[in-house]
Each structure stands twice: as structure tokens, then as C-alpha cells.
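Student: Below is the file model19.cif, with mmCIF, C-alpha atoms.
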data_upload
loop_
_atom_site.group_PDB
_atom_site.id
_atom_site.type_symbol
_atom_site.label_atom_id
_atom_site.label_comp_id
_atom_site.auth_asym_id
_atom_site.auth_seq_id
_atom_site.Cartn_x
_atom_site.Cartn_y
_atom_site.Cartn_z
ATOM 1 C CA ALA A 2 195.558 174.669 104.567
ATOM 2 C CA GLY A 3 193.254 171.794 105.500
ATOM 3 C CA PHE A 4 192.814 170.589 101.912
ATOM 4 C CA TYR A 5 193.443 167.052 100.775
ATOM 5 C CA ALA A 6 196.569 166.651 98.667
ATOM 6 C CA GLY A 7 194.631 165.934 95.464
ATOM 7 C CA THR A 8 192.276 168.877 95.960
ATOM 8 C CA ARG A 9 195.164 171.204 96.680
ATOM 9 C CA ALA A 10 197.075 169.984 93.604
ATOM 10 C CA VAL A 11 194.108 170.518 91.241
ATOM 11 C CA LEU A 12 193.390 173.998 92.585
ATOM 12 C CA ALA A 13 197.048 174.966 92.209
ATOM 13 C CA ALA A 14 197.133 173.586 88.646
ATOM 14 C CA ALA A 15 193.924 175.464 87.797
ATOM 15 C CA ARG A 16 195.469 178.750 88.968
ATOM 16 C CA LYS A 17 198.429 178.104 86.675
ATOM 17 C CA GLY A 18 196.187 177.240 83.724
ATOM 18 C CA GLN A 19 197.328 173.616 83.651
ATOM 19 C CA VAL A 20 193.803 172.321 84.332
ATOM 20 C CA LYS A 21 190.752 173.819 82.601
ATOM 21 C CA GLY A 22 187.077 173.951 83.460
ATOM 22 C CA THR A 23 187.277 173.870 87.261
ATOM 23 C CA LEU A 24 184.961 176.224 89.155
ATOM 24 C CA GLY A 25 186.445 175.631 92.603
ATOM 25 C CA ILE A 26 185.514 173.520 95.588
ATOM 26 C CA VAL A 27 182.045 173.319 97.134
ATOM 27 C CA ALA A 28 183.111 175.326 100.206
ATOM 28 C CA ASP A 29 184.065 178.276 97.982
ATOM 29 C CA GLN A 30 180.864 178.211 95.942
ATOM 30 C CA ILE A 31 178.199 178.280 98.659
ATOM 31 C CA GLU A 32 177.285 180.967 101.161
ATOM 32 C CA THR A 33 176.144 179.692 104.554
ATOM 33 C CA PRO A 34 174.697 181.726 107.459
ATOM 34 C CA ALA A 35 177.107 181.735 110.391
ATOM 35 C CA LYS A 36 174.676 179.947 112.733
ATOM 36 C CA LEU A 37 174.327 177.055 110.237
ATOM 37 C CA GLU A 38 178.012 176.583 109.379
ATOM 38 C CA LYS A 39 178.610 173.691 111.777
ATOM 39 C CA ALA A 40 175.438 171.887 110.682
ATOM 40 C CA VAL A 41 176.065 172.316 106.943
ATOM 41 C CA GLU A 42 179.746 171.381 107.176
ATOM 42 C CA THR A 43 178.804 168.273 109.169
ATOM 43 C CA ALA A 44 176.209 167.350 106.550
ATOM 44 C CA LEU A 45 178.668 167.830 103.690
ATOM 45 C CA GLY A 46 181.468 165.901 105.344
ATOM 46 C CA THR A 47 184.315 165.313 102.925
ATOM 47 C CA HIS A 48 182.167 166.607 100.058
ATOM 48 C CA VAL A 49 182.961 170.146 101.254
ATOM 49 C CA GLN A 50 186.185 169.731 99.231
ATOM 50 C CA ASP A 51 184.573 168.268 96.106
ATOM 51 C CA ILE A 52 185.742 170.073 92.981
ATOM 52 C CA ILE A 53 183.023 171.421 90.675
ATOM 53 C CA THR A 54 183.791 171.239 86.947
ATOM 54 C CA GLU A 55 181.925 172.308 83.849
ATOM 55 C CA THR A 56 182.006 168.938 82.058
ATOM 56 C CA TRP A 57 182.869 165.272 82.448
ATOM 57 C CA ASP A 58 185.886 165.818 80.163
ATOM 58 C CA ASP A 59 187.185 168.579 82.487
ATOM 59 C CA ALA A 60 186.968 166.184 85.434
ATOM 60 C CA GLU A 61 188.667 163.410 83.473
ATOM 61 C CA ARG A 62 191.561 165.649 82.426
ATOM 62 C CA ALA A 63 192.022 166.731 86.054
ATOM 63 C CA ILE A 64 192.157 163.086 87.129
ATOM 64 C CA GLN A 65 194.744 162.382 84.431
ATOM 65 C CA TYR A 66 196.794 165.296 85.787
ATOM 66 C CA LEU A 67 196.659 163.835 89.312
ATOM 67 C CA ARG A 68 197.810 160.454 87.978
ATOM 68 C CA ALA A 69 200.632 161.953 85.950
ATOM 69 C CA GLU A 70 201.869 163.978 88.896
ATOM 70 C CA SER A 71 201.139 161.300 91.533
ATOM 71 C CA ALA A 72 199.450 164.170 93.390
ATOM 72 C CA GLY A 73 196.652 162.310 95.180
ATOM 73 C CA ARG A 74 192.933 161.852 94.671
ATOM 74 C CA ALA A 75 189.947 164.206 94.480
ATOM 75 C CA THR A 76 186.196 163.988 93.916
ATOM 76 C CA PHE A 77 184.738 165.930 90.973
ATOM 77 C CA LEU A 78 181.191 167.140 90.318
ATOM 78 C CA PRO A 79 180.692 167.740 86.548
ATOM 79 C CA LEU A 80 177.659 170.009 86.139
ATOM 80 C CA GLU A 81 176.661 168.475 82.810
ATOM 81 C CA THR A 82 176.284 164.946 84.190
ATOM 82 C CA LEU A 83 175.101 165.322 87.813
ATOM 83 C CA ARG A 84 171.965 163.370 88.685
ATOM 84 C CA ALA A 85 170.617 164.790 91.911
ATOM 85 C CA PRO A 86 167.747 163.033 93.739
ATOM 86 C CA GLU A 87 164.517 164.855 94.456
ATOM 87 C CA PRO A 88 164.940 167.161 97.466
ATOM 88 C CA LEU A 89 163.039 166.370 100.637
ATOM 89 C CA GLN A 90 159.735 168.143 101.224
ATOM 90 C CA PRO A 91 159.048 167.601 104.908
ATOM 91 C CA ALA A 92 155.930 168.773 106.676
ATOM 92 C CA ASP A 93 156.296 171.567 109.202
ATOM 93 C CA SER A 94 157.528 170.218 112.501
ATOM 94 C CA ALA A 95 158.633 171.676 115.820
ATOM 95 C CA GLY A 96 162.380 172.229 115.817
ATOM 96 C CA LEU A 97 162.773 171.877 112.042
ATOM 97 C CA VAL A 98 165.016 174.578 110.606
ATOM 98 C CA GLY A 99 164.602 173.425 107.006
ATOM 99 C CA VAL A 100 166.079 171.466 104.110
ATOM 100 C CA ALA A 101 169.816 172.182 104.025
ATOM 101 C CA SER A 102 169.932 172.844 100.264
ATOM 102 C CA ARG A 103 167.390 175.649 100.755
ATOM 103 C CA LEU A 104 169.229 177.214 103.684
ATOM 104 C CA VAL A 105 172.425 178.035 101.763
ATOM 105 C CA LYS A 106 173.030 180.275 98.752
ATOM 106 C CA ALA A 107 174.902 179.571 95.529
ATOM 107 C CA PRO A 108 174.756 180.647 91.861
ATOM 108 C CA ALA A 109 171.631 179.301 90.146
ATOM 109 C CA ARG A 110 173.630 177.024 87.845
ATOM 110 C CA LEU A 111 174.937 175.162 90.910
ATOM 111 C CA ALA A 112 171.448 174.062 92.030
ATOM 112 C CA PRO A 113 172.209 170.419 91.026
ATOM 113 C CA VAL A 114 175.218 170.465 93.359
ATOM 114 C CA LEU A 115 173.119 171.701 96.282
ATOM 115 C CA ASP A 116 170.385 169.157 95.600
ATOM 116 C CA LEU A 117 172.913 166.332 95.294
ATOM 117 C CA LEU A 118 174.817 167.112 98.480
ATOM 118 C CA LEU A 119 172.200 168.752 100.704
ATOM 119 C CA GLY A 120 168.793 168.169 99.129
ATOM 120 C CA ARG A 121 168.033 165.176 101.366
ATOM 121 C CA THR A 122 169.437 166.678 104.566
ATOM 122 C CA LEU A 123 167.219 168.200 107.242
ATOM 123 C CA VAL A 124 168.545 170.704 109.750
ATOM 124 C CA ALA A 125 167.058 170.416 113.239
ATOM 125 C CA GLN A 126 167.404 172.672 116.262
ATOM 126 C CA ASP A 127 168.623 169.900 118.585
ATOM 127 C CA MET A 128 168.638 166.155 119.197
ATOM 128 C CA LYS A 129 165.085 166.144 120.567
ATOM 129 C CA ALA A 130 163.770 167.719 117.358
ATOM 130 C CA ALA A 131 165.973 165.404 115.268
ATOM 131 C CA ARG A 132 164.543 162.325 116.953
ATOM 132 C CA ALA A 133 160.973 163.468 116.299
ATOM 133 C CA LEU A 134 161.827 164.124 112.627
ATOM 134 C CA TYR A 135 163.512 160.731 112.296
ATOM 135 C CA ARG A 136 160.315 158.974 113.319
ATOM 136 C CA GLN A 137 158.375 160.776 110.577
ATOM 137 C CA MET A 138 160.832 160.373 107.683
ATOM 138 C CA ARG A 139 161.057 157.496 105.203
ATOM 139 C CA GLY A 140 163.532 156.573 102.487
ATOM 140 C CA SER A 141 167.079 157.883 102.226
ATOM 141 C CA PHE A 142 167.830 161.014 104.274
ATOM 142 C CA GLN A 143 169.970 162.445 107.020
ATOM 143 C CA ILE A 144 169.316 164.913 109.833
ATOM 144 C CA VAL A 145 171.901 167.270 111.277
ATOM 145 C CA THR A 146 171.533 169.494 114.342
ATOM 146 C CA LEU A 147 172.854 173.006 114.806
ATOM 147 C CA ASP A 148 175.494 171.576 117.170
ATOM 148 C CA GLY A 149 176.709 169.135 114.522
ATOM 149 C CA GLU A 150 175.118 165.820 115.537
ATOM 150 C CA LEU A 151 174.323 163.662 112.504
ATOM 151 C CA ILE A 152 171.521 161.093 112.261
ATOM 152 C CA ARG A 153 171.356 158.923 109.146
ATOM 153 C CA SER A 154 168.293 157.195 107.768
ATOM 154 C CA THR A 155 169.886 153.881 108.767
ATOM 155 C CA GLY A 156 169.612 154.921 112.404
ATOM 156 C CA ALA A 157 173.323 155.606 112.881
ATOM 157 C CA ILE A 158 174.090 158.623 115.069
ATOM 158 C CA THR A 159 177.351 160.603 115.072
ATOM 159 C CA GLY A 160 178.130 163.232 117.682
ATOM 160 C CA GLY A 161 180.493 164.474 120.354
ATOM 161 C CA VAL A 162 183.421 166.889 120.326
ATOM 162 C CA GLU A 163 186.580 166.741 118.238
ATOM 163 C CA SER A 164 189.599 167.990 120.165
ATOM 164 C CA ARG A 165 191.802 170.519 118.399
ATOM 165 C CA LYS A 166 189.627 170.471 115.325
ATOM 166 C CA PRO A 167 190.839 173.035 112.784
ATOM 167 C CA GLN A 168 188.526 175.813 111.708
ATOM 168 C CA GLY A 169 185.957 174.613 109.185
ATOM 169 C CA LEU A 170 186.273 175.488 105.513
ATOM 170 C CA LEU A 171 182.852 177.156 105.465
ATOM 171 C CA SER A 172 183.660 179.478 108.359
ATOM 172 C CA ARG A 173 187.052 180.234 106.800
ATOM 173 C CA GLN A 174 185.329 181.080 103.519
ATOM 174 C CA ARG A 175 182.874 183.386 105.326
ATOM 175 C CA GLU A 176 185.667 185.117 107.206
ATOM 176 C CA ARG A 177 187.613 185.568 103.990
ATOM 177 C CA THR A 178 184.554 187.103 102.318
ATOM 178 C CA GLU A 179 184.020 189.412 105.296
ATOM 179 C CA LEU A 180 187.690 190.403 105.315
ATOM 180 C CA GLU A 181 187.635 191.125 101.586
ATOM 181 C CA ALA A 182 184.545 193.303 102.099
ATOM 182 C CA ALA A 183 186.294 195.099 104.965
ATOM 183 C CA ILE A 184 189.370 195.638 102.788
ATOM 184 C CA ARG A 185 187.198 197.149 100.038
ATOM 185 C CA LYS A 186 185.493 199.377 102.614
ATOM 186 C CA PHE A 187 188.803 200.577 104.048
ATOM 187 C CA ALA A 188 190.202 201.070 100.543
ATOM 188 C CA GLY A 189 187.237 203.342 99.787
ATOM 189 C CA GLN A 190 187.822 205.254 103.002
ATOM 190 C CA GLN A 191 191.502 205.550 102.164
ATOM 191 C CA SER A 192 190.648 206.949 98.724
ATOM 192 C CA ALA A 193 188.366 209.537 100.327
ATOM 193 C CA LEU A 194 191.058 210.467 102.849
ATOM 194 C CA ASP A 195 193.659 210.693 100.082
ATOM 195 C CA ALA A 196 191.347 213.072 98.192
ATOM 196 C CA ASP A 197 190.898 215.178 101.346
ATOM 197 C CA LEU A 198 194.658 215.179 101.920
ATOM 198 C CA HIS A 199 195.233 216.263 98.327
ATOM 199 C CA ALA A 200 192.730 219.121 98.751
ATOM 200 C CA ILE A 201 194.355 220.157 102.044
ATOM 201 C CA ALA A 202 197.784 220.081 100.390
ATOM 202 C CA GLY A 203 196.434 222.346 97.647
ATOM 203 C CA ASP A 204 194.998 224.755 100.223
ATOM 204 C CA GLU A 205 198.304 224.703 102.102
ATOM 205 C CA GLN A 206 200.208 225.507 98.919
ATOM 206 C CA THR A 207 197.841 228.410 98.188
ATOM 207 C CA ALA A 208 198.215 229.690 101.756
ATOM 208 C CA ARG A 209 202.010 229.454 101.567
ATOM 209 C CA ALA A 210 201.973 231.387 98.280
ATOM 210 C CA GLN A 211 199.781 234.075 99.879
ATOM 211 C CA ILE A 212 202.115 234.278 102.894
ATOM 212 C CA THR A 213 205.105 234.680 100.566
ATOM 213 C CA HIS A 214 203.265 237.422 98.658
ATOM 214 C CA ASN A 215 202.345 239.199 101.902
ATOM 215 C CA GLN A 216 205.942 238.979 103.122
ATOM 216 C CA GLN A 217 207.117 240.533 99.871
ATOM 217 C CA ASP A 218 204.570 243.354 100.300
ATOM 218 C CA LEU A 219 205.758 243.894 103.881
ATOM 219 C CA GLN A 220 209.375 244.030 102.718
ATOM 220 C CA ALA A 221 208.442 246.569 100.027
ATOM 221 C CA LEU A 222 206.562 248.685 102.583
ATOM 222 C CA ALA A 223 209.494 248.469 104.988
ATOM 223 C CA GLY A 224 211.807 249.654 102.198
ATOM 224 C CA ARG A 225 209.504 252.557 101.378
ATOM 225 C CA GLU A 226 209.289 253.461 105.072
ATOM 226 C CA ALA A 227 213.087 253.363 105.383
ATOM 227 C CA ASN A 228 213.425 255.584 102.304
ATOM 228 C CA ALA A 229 210.835 258.025 103.674
ATOM 229 C CA ARG A 230 212.596 258.189 107.035
ATOM 230 C CA ALA A 231 215.921 258.752 105.271
ATOM 231 C CA SER A 232 214.392 261.553 103.137
ATOM 232 C CA LEU A 233 212.814 263.142 106.226
ATOM 233 C CA ALA A 234 216.118 263.009 108.077
ATOM 234 C CA ALA A 235 217.879 264.608 105.096
ATOM 235 C CA VAL A 236 215.305 267.424 104.952
ATOM 236 C CA GLN A 237 215.655 267.946 108.708
ATOM 237 C CA ARG A 238 219.411 268.159 108.373
ATOM 238 C CA GLN A 239 219.080 270.675 105.543
ATOM 239 C CA MET A 240 216.675 272.788 107.593
ATOM 240 C CA ASP A 241 218.985 272.670 110.594
ATOM 241 C CA LYS A 242 221.889 273.667 108.365
ATOM 242 C CA LYS A 243 219.962 276.567 106.849
ATOM 243 C CA THR A 244 218.882 277.664 110.309
ATOM 244 C CA GLN A 245 222.488 277.650 111.506
ATOM 245 C CA GLU A 246 223.654 279.467 108.399
ATOM 246 C CA SER A 247 220.986 282.127 108.730
ATOM 247 C CA GLY A 248 221.961 282.759 112.344
ATOM 248 C CA SER A 249 225.631 283.216 111.476
ATOM 249 C CA TYR A 250 225.253 285.999 108.858
ATOM 250 C CA GLY A 251 227.027 288.777 110.833
ATOM 251 C CA LEU A 252 225.673 291.238 113.402
ATOM 252 C CA GLY A 253 222.673 293.305 112.611
ATOM 253 C CA PHE A 254 221.114 290.844 110.169
ATOM 254 C CA PRO A 255 217.766 289.501 111.222
ATOM 255 C CA SER A 256 217.576 285.687 111.666
ATOM 256 C CA ILE A 257 215.352 283.315 109.721
ATOM 257 C CA HIS A 258 213.028 283.205 112.745
ATOM 258 C CA HIS A 259 212.550 286.943 112.333
ATOM 259 C CA TYR A 260 211.521 286.505 108.684
ATOM 260 C CA ARG A 261 209.115 283.680 109.640
ATOM 261 C CA ALA A 262 207.452 285.973 112.188
ATOM 262 C CA ILE A 263 207.095 288.698 109.579
ATOM 263 C CA ILE A 264 205.558 286.249 107.079
ATOM 264 C CA SER A 265 203.119 285.072 109.727
ATOM 265 C CA GLU A 266 202.049 288.622 110.482
ATOM 266 C CA ILE A 267 201.566 289.317 106.767
ATOM 267 C CA GLN A 268 199.388 286.181 106.416
ATOM 268 C CA GLU A 269 197.283 287.218 109.381
ATOM 269 C CA PHE A 270 196.909 290.739 107.943
ATOM 270 C CA ALA A 271 195.844 289.201 104.593
ATOM 271 C CA VAL A 272 193.198 287.097 106.317
ATOM 272 C CA LEU A 273 191.858 290.142 108.017
#
What does the file become when written as C-alpha cells?

Tutor:
Amino acid sequence: AGFYAGTRAVLAAARKGQVKGTLGIVADQIETPAKLEKAVETALGTHVQDIITETWDDAERAIQYLRAESAGRATFLPLETLRAPEPLQPADSAGLVGVASRLVKAPARLAPVLDLLLGRTLVAQDMKAARALYRQMRGSFQIVTLDGELIRSTGAITGGVESRKPQGLLSRQRERTELEAAIRKFAGQQSALDADLHAIAGDEQTARAQITHNQQDLQALAGREANARASLAAVQRQMDKKTQESGSYGLGFPSIHHYRAIISEIQEFAVL
């Protein structure tokens, strides 16, 4: 979204392997602090969509692809043939933020790209600081403010507000990087939570096995208790039966209680 037709076509072809040697567009290759995004994107202008290639031949093949497909136009920056001018080296001045090429980050091999596109751009705090810088500078340069006003070495000034302007490519790139970092962070947290859940599931399985074992022990104990109660009841019935039988042995026969009393007396006599 927001790309020129030719840029979009080359990037799509590169993803499919139909175009070789492309490193991506400028917006995807530089890292810009959030507070400088408007200034840097203003300074880059349409160059924010320039396509960086390894060689001249890579750029030429991409152009041939665009012609063959009638897919539009694009600007290419072959690393092997770029001729960047010397970057500005301004004296310290009130309201000067710095040289734009030194305020952004990119892989070291892309230094020629930064110097070409941003090496002669100064970033100023506001229009007052930009005007003071303009009076000091000579040669070819441009000054951009944090709010996006642009002053060229010719004296031309561009500023104002664009209604319904879509989000800039640099801010979209930063947000995408931040979102990818957040996704990686949450993925790590999810992995940790999955490990905890797996450990909890293992503990739960162990606990369930222990509960099952305890229930089996309880059932065994209940069975033993039932058997003991049954045995005790049987013995009690036998004793009751014997007691009844001993009391029904005809007149004149002493009962079993009589014999128990005699045995008790004998035991007491023995103790004495």
C-alpha cells in the first residue's frame, strides 16, 4: 500500500525470484528515530521508494522486467556505481539537530545510499533555526525542520499541511519492526506458558494417579472391614447358639455361665 506501481511490481517479482539482486526499498533499509520520521521522509521525498540493488546489471534487468510487463517505472540505486557527494560538515548552530545521514541507521554497506540521499540535508528544530542555517550555508544543500518544512539551497520553501495524507513509509516500517518485536516477545511468553502448562498437566496426571491408588486402597480396606464385621457377626452367632444350647441341656445341668464362674474362681485362686 502506498507504493508506486513500478516499485510494487519489482518487489513482488523479487519475492518470486523473477528479479535478482534487489535489497529492498530505502524505507525498509534505514532505521529512523520516531521524532525524526517526518523530517527524514520529507527530505527523502520520492526517493523513500528507491530500490537498492547490488549491481548496475541487477538494476538493468529489473528495468527490462518492468518494460516487458508494462508494470511502470522505478528508481534504482546500484551500490557498485553510486557516486555520493561529500556530506555536509556544518558548524554547531542553535537549533541544528544534525546532518540527516548521520541521524539515521543502516547497514554499513549502505553508507553511499545515506550520503547520496541525506548527506547534504540538515535537520533543524524549526523554521527560525532553518533560516539562520540557510544564511550560513553555501553550495548545494537542503534544510528540513522537525515539522516537515523544506528549504532548498535555491531559496525555495515548501511547507503546510497535507489533508488526508496516508501514513508515511518510515513510520509504517518502524511500527512493523515494533510489532514484529512484540510478536517475538509474546511468542517467547507463550512458549514459557506452554512449558508451565505442560508441567502442570504432568503434576495433575500424577495427582490423579495417586488419587486412583488411594481409592483402590480405601476400597481394599473397606472390603477387609466388611469381611471382619462378617466374621465377628458369625462368631457372635456361634456364641449365642452355644449359649442357647448349653442352657437347654435338661434340668439339673449347670449352664455355661456356671462353668465360666468356676473357671474365673480357679484363675483367681491360681493368682493367689

Student: So how many Å separate CA of Ser141 (chain A) and CA of Arg121 (chain A), to one decimal?

Tutor: 7.4 Å

Student: Using only C-alpha atoms, can you tell me which of A:Gln206, A:Gln211, A:Ser154, A:Thr146 comes closest to Lys39 (chain A)?

Tutor: A:Thr146

Student: Just the number, please: distance in Å from CA of Leu115 (chain A) to CA of Tyr66 (chain A), one decimal.

Tutor: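 Between these atoms lies a distance of 26.7 Å.
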
Student: Please indicate the distance in Å from CA of Pro86 (chain A) to CA of Ala101 (chain A), rounded to one decimal place.

Tutor: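 Answer for the CA of Pro86 (chain A) to CA of Ala101 (chain A) separation: 13.9 Å.
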
Student: Which residues come within 12 Å of Ala13 (chain A), counting only C-alpha atoms, excluding same-chain residues fewer than 2 positions away, as a list of chain:residue names?

Tutor: A:Phe4, A:Ala6, A:Gly7, A:Thr8, A:Arg9, A:Ala10, A:Val11, A:Ala15, A:Arg16, A:Lys17, A:Gly18, A:Gln19, A:Val20, A:Lys21, A:Thr23, A:Gly25, A:Ala63, A:Tyr66, A:Leu67, A:Ala72

Student: Measuring between all atoms listed in the file, which one of A:Ser102, A:Gln216, A:Gln50, A:Thr76 shows the shortest distance to Asp116 (chain A)?

Tutor: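 Ranking A:Ser102, A:Gln216, A:Gln50, A:Thr76 by distance to Asp116 (chain A), first place goes to A:Ser102.
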
Student: Rank A:Ser94, A:Ser232, A:Thr54, A:Gln65 by their smallest atom-to-atom distance to Pro79 (chain A), using all atoms listed in the file, and report the top residue only.

Tutor: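 Residue with the minimum atom-to-atom distance to Pro79 (chain A): A:Thr54.
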
Student: Given the file shown, enumerate the residues that the PyMOL selection byres ((chain A and resi 87) around 10) captures and present them as a PDB file with C-alpha atoms, keeping the file's coordinate frame.

Tutor:
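Heads up, here's the output in part_27.pdb:
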ATOM      1  CA  ARG A  84     171.965 163.370  88.685  1.00  0.00           C
ATOM      2  CA  ALA A  85     170.617 164.790  91.911  1.00  0.00           C
ATOM      3  CA  PRO A  86     167.747 163.033  93.739  1.00  0.00           C
ATOM      4  CA  PRO A  88     164.940 167.161  97.466  1.00  0.00           C
ATOM      5  CA  LEU A  89     163.039 166.370 100.637  1.00  0.00           C
ATOM      6  CA  GLN A  90     159.735 168.143 101.224  1.00  0.00           C
ATOM      7  CA  ASP A 116     170.385 169.157  95.600  1.00  0.00           C
ATOM      8  CA  LEU A 117     172.913 166.332  95.294  1.00  0.00           C
ATOM      9  CA  GLY A 120     168.793 168.169  99.129  1.00  0.00           C
ATOM     10  CA  ARG A 121     168.033 165.176 101.366  1.00  0.00           C
TER      11      ARG A 121
END

Student: What does the PyMOL selection byres ((chain A and resi 130) around 9) select in this file, as number ranges by chain?

Tutor: A: 94-97, 125-129, 131-135, 146

Student: Give the answer as one residue: which of A:Val41, A:Leu12, A:Asp218, A:Leu118 has the shortest atom-to-atom distance to Ala75 (chain A), using all atoms listed in the file?

Tutor: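 Going through A:Val41, A:Leu12, A:Asp218, A:Leu118 one by one, the smallest distance to Ala75 (chain A) is for A:Leu12.
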
Student: Using the chain letters and numbering of this document, enumerate as a list in words the residues selected by the PyMOL selection byres ((chain A and resi 99) around 6).

Tutor: Leu97, Val98, Val100, Leu123 and Val124 of chain A

Student: Report as JSON the centre and the edge lengths, in Å to one decimal, of the axis-aligned box holding every listed atom of region 92-95 of chain A, padded by 5 Å on each side.

Tutor:
{"center_x": 157.3, "center_y": 170.2, "center_z": 111.2, "size_x": 12.7, "size_y": 12.9, "size_z": 19.1}

Student: Between A:Ile31, A:Thr155, A:Val49, A:Ala40, which has the minimum distance to Leu170 (chain A) (counting all atoms listed in the file)?

Tutor: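 Of the candidates, the smallest distance to Leu170 (chain A) is held by A:Val49.
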
Student: Using all atoms listed in the file, which of the listed residues (A:Val162, A:Arg153, A:Ser192, A:Gln30) sits closest to Ala109 (chain A)?

Tutor: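 Among the listed residues, A:Gln30 lies closest to Ala109 (chain A).
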